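Colleague: Contents are mmCIF, N, CA and C atoms; file name coords_17.cif:
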data_work
#
loop_
_atom_site.label_atom_id
_atom_site.label_comp_id
_atom_site.auth_asym_id
_atom_site.auth_seq_id
_atom_site.Cartn_x
_atom_site.Cartn_y
_atom_site.Cartn_z
N MET A 1 20.72 -14.26 7.13
CA MET A 1 19.91 -13.10 6.76
C MET A 1 19.80 -12.16 7.95
N PHE A 2 19.45 -10.94 7.64
CA PHE A 2 19.33 -9.93 8.68
C PHE A 2 18.01 -10.03 9.43
N PHE A 3 16.99 -10.50 8.75
CA PHE A 3 15.68 -10.54 9.36
C PHE A 3 15.27 -11.97 9.67
N LYS A 4 14.62 -12.14 10.80
CA LYS A 4 14.08 -13.45 11.15
C LYS A 4 12.73 -13.60 10.48
N SER A 5 12.46 -14.79 10.02
CA SER A 5 11.13 -15.01 9.45
C SER A 5 10.13 -15.17 10.60
N SER A 6 8.95 -14.66 10.37
CA SER A 6 7.92 -14.72 11.39
C SER A 6 7.45 -16.16 11.57
N LYS A 7 7.22 -16.55 12.81
CA LYS A 7 6.79 -17.92 13.08
C LYS A 7 5.32 -18.12 12.72
N ASN A 8 4.54 -17.07 12.84
CA ASN A 8 3.11 -17.15 12.53
C ASN A 8 2.73 -16.06 11.54
N PRO A 9 3.16 -16.18 10.30
CA PRO A 9 2.79 -15.12 9.35
C PRO A 9 1.31 -15.19 8.99
N ASP A 10 0.69 -14.07 8.95
CA ASP A 10 -0.71 -13.99 8.57
C ASP A 10 -0.76 -13.65 7.08
N LYS A 11 -0.66 -14.68 6.25
CA LYS A 11 -0.53 -14.48 4.81
C LYS A 11 -1.76 -13.82 4.20
N ASN A 12 -2.92 -14.10 4.73
CA ASN A 12 -4.14 -13.50 4.20
C ASN A 12 -4.13 -11.98 4.40
N SER A 13 -3.74 -11.52 5.57
CA SER A 13 -3.68 -10.09 5.83
C SER A 13 -2.61 -9.41 4.99
N VAL A 14 -1.49 -10.09 4.80
CA VAL A 14 -0.41 -9.53 3.99
C VAL A 14 -0.85 -9.44 2.53
N ASN A 15 -1.57 -10.44 2.03
CA ASN A 15 -2.05 -10.39 0.66
C ASN A 15 -3.05 -9.25 0.46
N ILE A 16 -3.91 -9.03 1.43
CA ILE A 16 -4.84 -7.91 1.35
C ILE A 16 -4.09 -6.59 1.33
N ALA A 17 -3.04 -6.49 2.15
CA ALA A 17 -2.23 -5.27 2.18
C ALA A 17 -1.50 -5.07 0.85
N PHE A 18 -1.02 -6.16 0.23
CA PHE A 18 -0.37 -6.05 -1.09
C PHE A 18 -1.35 -5.49 -2.11
N TYR A 19 -2.57 -6.02 -2.14
CA TYR A 19 -3.56 -5.55 -3.10
C TYR A 19 -3.91 -4.09 -2.87
N CYS A 20 -4.08 -3.69 -1.62
CA CYS A 20 -4.41 -2.29 -1.32
C CYS A 20 -3.29 -1.36 -1.76
N THR A 21 -2.06 -1.76 -1.51
CA THR A 21 -0.92 -0.93 -1.91
C THR A 21 -0.81 -0.86 -3.43
N PHE A 22 -1.03 -1.98 -4.11
CA PHE A 22 -0.98 -1.99 -5.56
C PHE A 22 -2.05 -1.08 -6.16
N ILE A 23 -3.24 -1.15 -5.61
CA ILE A 23 -4.34 -0.32 -6.11
C ILE A 23 -4.03 1.16 -5.84
N TYR A 24 -3.49 1.47 -4.66
CA TYR A 24 -3.14 2.86 -4.34
C TYR A 24 -2.11 3.39 -5.33
N TRP A 25 -1.03 2.64 -5.55
CA TRP A 25 0.01 3.10 -6.47
C TRP A 25 -0.52 3.19 -7.90
N SER A 26 -1.33 2.24 -8.31
CA SER A 26 -1.86 2.26 -9.67
C SER A 26 -2.75 3.48 -9.89
N VAL A 27 -3.65 3.74 -8.97
CA VAL A 27 -4.57 4.87 -9.12
C VAL A 27 -3.82 6.20 -9.05
N SER A 28 -2.89 6.32 -8.13
CA SER A 28 -2.16 7.59 -8.01
C SER A 28 -1.29 7.85 -9.23
N LEU A 29 -0.65 6.82 -9.77
CA LEU A 29 0.15 7.02 -10.98
C LEU A 29 -0.72 7.27 -12.20
N LEU A 30 -1.89 6.66 -12.25
CA LEU A 30 -2.82 6.91 -13.36
C LEU A 30 -3.31 8.36 -13.33
N ILE A 31 -3.67 8.83 -12.16
CA ILE A 31 -4.11 10.23 -12.03
C ILE A 31 -2.97 11.17 -12.40
N ASN A 32 -1.76 10.85 -11.95
CA ASN A 32 -0.60 11.68 -12.27
C ASN A 32 -0.35 11.70 -13.78
N SER A 33 -0.50 10.58 -14.44
CA SER A 33 -0.28 10.56 -15.90
C SER A 33 -1.36 11.34 -16.63
N PHE A 34 -2.62 11.26 -16.19
CA PHE A 34 -3.68 12.05 -16.81
C PHE A 34 -3.43 13.55 -16.63
N LEU A 35 -2.95 13.94 -15.45
CA LEU A 35 -2.66 15.35 -15.22
C LEU A 35 -1.49 15.82 -16.08
N GLN A 36 -0.52 14.96 -16.33
CA GLN A 36 0.58 15.34 -17.20
C GLN A 36 0.11 15.47 -18.64
N ILE A 37 -0.82 14.63 -19.07
CA ILE A 37 -1.36 14.73 -20.42
C ILE A 37 -2.12 16.05 -20.59
N LEU A 38 -2.84 16.46 -19.56
CA LEU A 38 -3.61 17.70 -19.61
C LEU A 38 -2.76 18.93 -19.31
N HIS A 39 -1.46 18.73 -19.14
CA HIS A 39 -0.51 19.81 -18.86
C HIS A 39 -0.82 20.53 -17.56
N LYS A 40 -1.36 19.82 -16.62
CA LYS A 40 -1.58 20.36 -15.27
C LYS A 40 -0.71 19.56 -14.31
N ASP A 41 0.55 19.58 -14.59
CA ASP A 41 1.51 18.77 -13.84
C ASP A 41 1.60 19.24 -12.39
N ILE A 42 1.41 18.32 -11.47
CA ILE A 42 1.55 18.60 -10.05
C ILE A 42 2.88 17.99 -9.62
N PRO A 43 3.80 18.80 -9.16
CA PRO A 43 5.11 18.24 -8.78
C PRO A 43 5.02 17.44 -7.47
N ILE A 44 4.99 16.13 -7.61
CA ILE A 44 4.95 15.24 -6.44
C ILE A 44 6.22 14.42 -6.45
N ASN A 45 6.88 14.40 -5.35
CA ASN A 45 8.13 13.69 -5.21
C ASN A 45 7.88 12.17 -5.25
N SER A 46 8.78 11.44 -5.87
CA SER A 46 8.65 9.98 -5.93
C SER A 46 8.77 9.36 -4.54
N LEU A 47 9.56 9.96 -3.69
CA LEU A 47 9.68 9.46 -2.32
C LEU A 47 8.35 9.55 -1.60
N PHE A 48 7.57 10.57 -1.91
CA PHE A 48 6.24 10.71 -1.31
C PHE A 48 5.36 9.53 -1.70
N PHE A 49 5.37 9.13 -2.99
CA PHE A 49 4.60 7.97 -3.44
C PHE A 49 5.04 6.70 -2.73
N LEU A 50 6.34 6.52 -2.59
CA LEU A 50 6.85 5.31 -1.93
C LEU A 50 6.46 5.26 -0.46
N LEU A 51 6.65 6.37 0.24
CA LEU A 51 6.36 6.38 1.68
C LEU A 51 4.86 6.27 1.97
N THR A 52 4.04 6.93 1.17
CA THR A 52 2.60 6.79 1.39
C THR A 52 2.13 5.38 1.03
N GLY A 53 2.79 4.74 0.07
CA GLY A 53 2.48 3.35 -0.24
C GLY A 53 2.80 2.43 0.93
N LEU A 54 3.92 2.70 1.60
CA LEU A 54 4.26 1.91 2.79
C LEU A 54 3.26 2.13 3.90
N VAL A 55 2.82 3.36 4.07
CA VAL A 55 1.81 3.65 5.09
C VAL A 55 0.52 2.91 4.77
N VAL A 56 0.12 2.94 3.50
CA VAL A 56 -1.09 2.21 3.09
C VAL A 56 -0.93 0.73 3.37
N PHE A 57 0.25 0.17 3.09
CA PHE A 57 0.49 -1.25 3.32
C PHE A 57 0.33 -1.61 4.80
N PHE A 58 1.02 -0.88 5.67
CA PHE A 58 0.99 -1.24 7.09
C PHE A 58 -0.37 -0.97 7.73
N VAL A 59 -1.04 0.08 7.31
CA VAL A 59 -2.36 0.36 7.86
C VAL A 59 -3.37 -0.69 7.40
N SER A 60 -3.34 -1.03 6.12
CA SER A 60 -4.29 -2.03 5.63
C SER A 60 -4.00 -3.42 6.21
N GLU A 61 -2.74 -3.72 6.47
CA GLU A 61 -2.43 -5.00 7.12
C GLU A 61 -2.96 -5.02 8.55
N ALA A 62 -2.79 -3.91 9.26
CA ALA A 62 -3.29 -3.84 10.64
C ALA A 62 -4.81 -3.93 10.68
N VAL A 63 -5.47 -3.28 9.74
CA VAL A 63 -6.94 -3.34 9.69
C VAL A 63 -7.40 -4.75 9.36
N ALA A 64 -6.73 -5.41 8.43
CA ALA A 64 -7.11 -6.78 8.06
C ALA A 64 -6.90 -7.74 9.24
N LYS A 65 -5.82 -7.56 9.97
CA LYS A 65 -5.59 -8.40 11.16
C LYS A 65 -6.65 -8.14 12.22
N TYR A 66 -7.01 -6.87 12.40
CA TYR A 66 -8.02 -6.52 13.40
C TYR A 66 -9.37 -7.14 13.04
N ILE A 67 -9.75 -7.04 11.77
CA ILE A 67 -11.03 -7.60 11.34
C ILE A 67 -11.02 -9.12 11.47
N LYS A 68 -9.90 -9.74 11.13
CA LYS A 68 -9.81 -11.21 11.25
C LYS A 68 -9.90 -11.63 12.71
N LYS A 69 -9.21 -10.89 13.59
CA LYS A 69 -9.24 -11.23 15.01
C LYS A 69 -10.62 -10.99 15.60
N LYS A 70 -11.31 -9.95 15.12
CA LYS A 70 -12.63 -9.63 15.63
C LYS A 70 -13.66 -10.69 15.22
N ASN A 71 -13.49 -11.28 14.03
CA ASN A 71 -14.42 -12.30 13.56
C ASN A 71 -14.24 -13.65 14.24
N HIS A 72 -13.10 -13.87 14.83
CA HIS A 72 -12.88 -15.16 15.49
C HIS A 72 -13.10 -15.09 16.94
#
Represent the structure contained in this file as structure tokens.

Modeller:
Amino acid sequence: MFFKSSKNPDKNSVNIAFYCTFIYWSVSLLINSFLQILHKDIPINSLFFLLTGLVVFFVSEAVAKYIKKKNH
């Protein structure tokens, strides 16, 4: 494989980041669908949704790791 697996994966922080990203994508697509129903279509590129989802994932993972490290 191209990527090495991490020796100490923080699965809890990654799961929190997955949930945050899922919620972000769900809410943004729901709002987009409501706007399309109301004929107030806002032209948003799909690449924008993907890249902002990645940003949400990495930021929420970093915040979860920081909070976990701060509590210990």

Colleague: Given the file above and the PyMOL selection byres (((chain A and resi 24-40 and name CA) around 10) and name CA), which residues are selected, and can you give them as a list of chain:residue names?

Modeller: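 Applied to this file, the PyMOL selection byres (((chain A and resi 24-40 and name CA) around 10) and name CA) selects A:Phe18, A:Tyr19, A:Cys20, A:Thr21, A:Phe22, A:Ile23, A:Asp41, A:Ile42, A:Pro43, A:Ile44, A:Phe49, A:Leu50, A:Thr52, A:Gly53, A:Val56, A:Phe57.
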
Colleague: The selected residues should be written to file as an mmCIF file, in the coordinates of the input (atoms: N, CA and C atoms).

Modeller:
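Okay, selection-v3.cif is ready:
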data_model
loop_
_atom_site.group_PDB
_atom_site.id
_atom_site.type_symbol
_atom_site.label_atom_id
_atom_site.label_comp_id
_atom_site.auth_asym_id
_atom_site.auth_seq_id
_atom_site.Cartn_x
_atom_site.Cartn_y
_atom_site.Cartn_z
ATOM 1 N N PHE A 18 -1.020 -6.160 0.230
ATOM 2 C CA PHE A 18 -0.370 -6.050 -1.090
ATOM 3 C C PHE A 18 -1.350 -5.490 -2.110
ATOM 4 N N TYR A 19 -2.570 -6.020 -2.140
ATOM 5 C CA TYR A 19 -3.560 -5.550 -3.100
ATOM 6 C C TYR A 19 -3.910 -4.090 -2.870
ATOM 7 N N CYS A 20 -4.080 -3.690 -1.620
ATOM 8 C CA CYS A 20 -4.410 -2.290 -1.320
ATOM 9 C C CYS A 20 -3.290 -1.360 -1.760
ATOM 10 N N THR A 21 -2.060 -1.760 -1.510
ATOM 11 C CA THR A 21 -0.920 -0.930 -1.910
ATOM 12 C C THR A 21 -0.810 -0.860 -3.430
ATOM 13 N N PHE A 22 -1.030 -1.980 -4.110
ATOM 14 C CA PHE A 22 -0.980 -1.990 -5.560
ATOM 15 C C PHE A 22 -2.050 -1.080 -6.160
ATOM 16 N N ILE A 23 -3.240 -1.150 -5.610
ATOM 17 C CA ILE A 23 -4.340 -0.320 -6.110
ATOM 18 C C ILE A 23 -4.030 1.160 -5.840
ATOM 19 N N ASP A 41 0.550 19.580 -14.590
ATOM 20 C CA ASP A 41 1.510 18.770 -13.840
ATOM 21 C C ASP A 41 1.600 19.240 -12.390
ATOM 22 N N ILE A 42 1.410 18.320 -11.470
ATOM 23 C CA ILE A 42 1.550 18.600 -10.050
ATOM 24 C C ILE A 42 2.880 17.990 -9.620
ATOM 25 N N PRO A 43 3.800 18.800 -9.160
ATOM 26 C CA PRO A 43 5.110 18.240 -8.780
ATOM 27 C C PRO A 43 5.020 17.440 -7.470
ATOM 28 N N ILE A 44 4.990 16.130 -7.610
ATOM 29 C CA ILE A 44 4.950 15.240 -6.440
ATOM 30 C C ILE A 44 6.220 14.420 -6.450
ATOM 31 N N PHE A 49 5.370 9.130 -2.990
ATOM 32 C CA PHE A 49 4.600 7.970 -3.440
ATOM 33 C C PHE A 49 5.040 6.700 -2.730
ATOM 34 N N LEU A 50 6.340 6.520 -2.590
ATOM 35 C CA LEU A 50 6.850 5.310 -1.930
ATOM 36 C C LEU A 50 6.460 5.260 -0.460
ATOM 37 N N THR A 52 4.040 6.930 1.170
ATOM 38 C CA THR A 52 2.600 6.790 1.390
ATOM 39 C C THR A 52 2.130 5.380 1.030
ATOM 40 N N GLY A 53 2.790 4.740 0.070
ATOM 41 C CA GLY A 53 2.480 3.350 -0.240
ATOM 42 C C GLY A 53 2.800 2.430 0.930
ATOM 43 N N VAL A 56 0.120 2.940 3.500
ATOM 44 C CA VAL A 56 -1.090 2.210 3.090
ATOM 45 C C VAL A 56 -0.930 0.730 3.370
ATOM 46 N N PHE A 57 0.250 0.170 3.090
ATOM 47 C CA PHE A 57 0.490 -1.250 3.320
ATOM 48 C C PHE A 57 0.330 -1.610 4.800
#

Colleague: From chain A, collect each residue whose DSSP state is helix (DSSP H, G or I) and return the set as a PyMOL selection string.

Modeller: chain A and resi 11-37+46-71

Colleague: What is the distance between atom C of Ser46 in chain A and CA of Phe58 in chain A, in Å to one decimal?

Modeller: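 Distance reported for this atom pair: 17.6 Å.
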
Colleague: Between CA of Ile67 in chain A and CA of Ile16 in chain A, what is the distance, to one decimal in Å?

Modeller: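 So the answer is 11.8 Å.
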
Colleague: What residues come out when you apply the PyMOL selection byres (((chain A and resi 61 and name CA) around 8) and name CA) to this file, written as a PyMOL selection string?

Modeller: chain A and resi 13-14+16-17+57-60+62-65

Colleague: At what distance in Å, to one decimal, does CA of Phe48 in chain A lie from atom N of Asn15 in chain A?

Modeller: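 Computed distance, atom N of Asn15 in chain A to CA of Phe48 in chain A, equals 22.8 Å.
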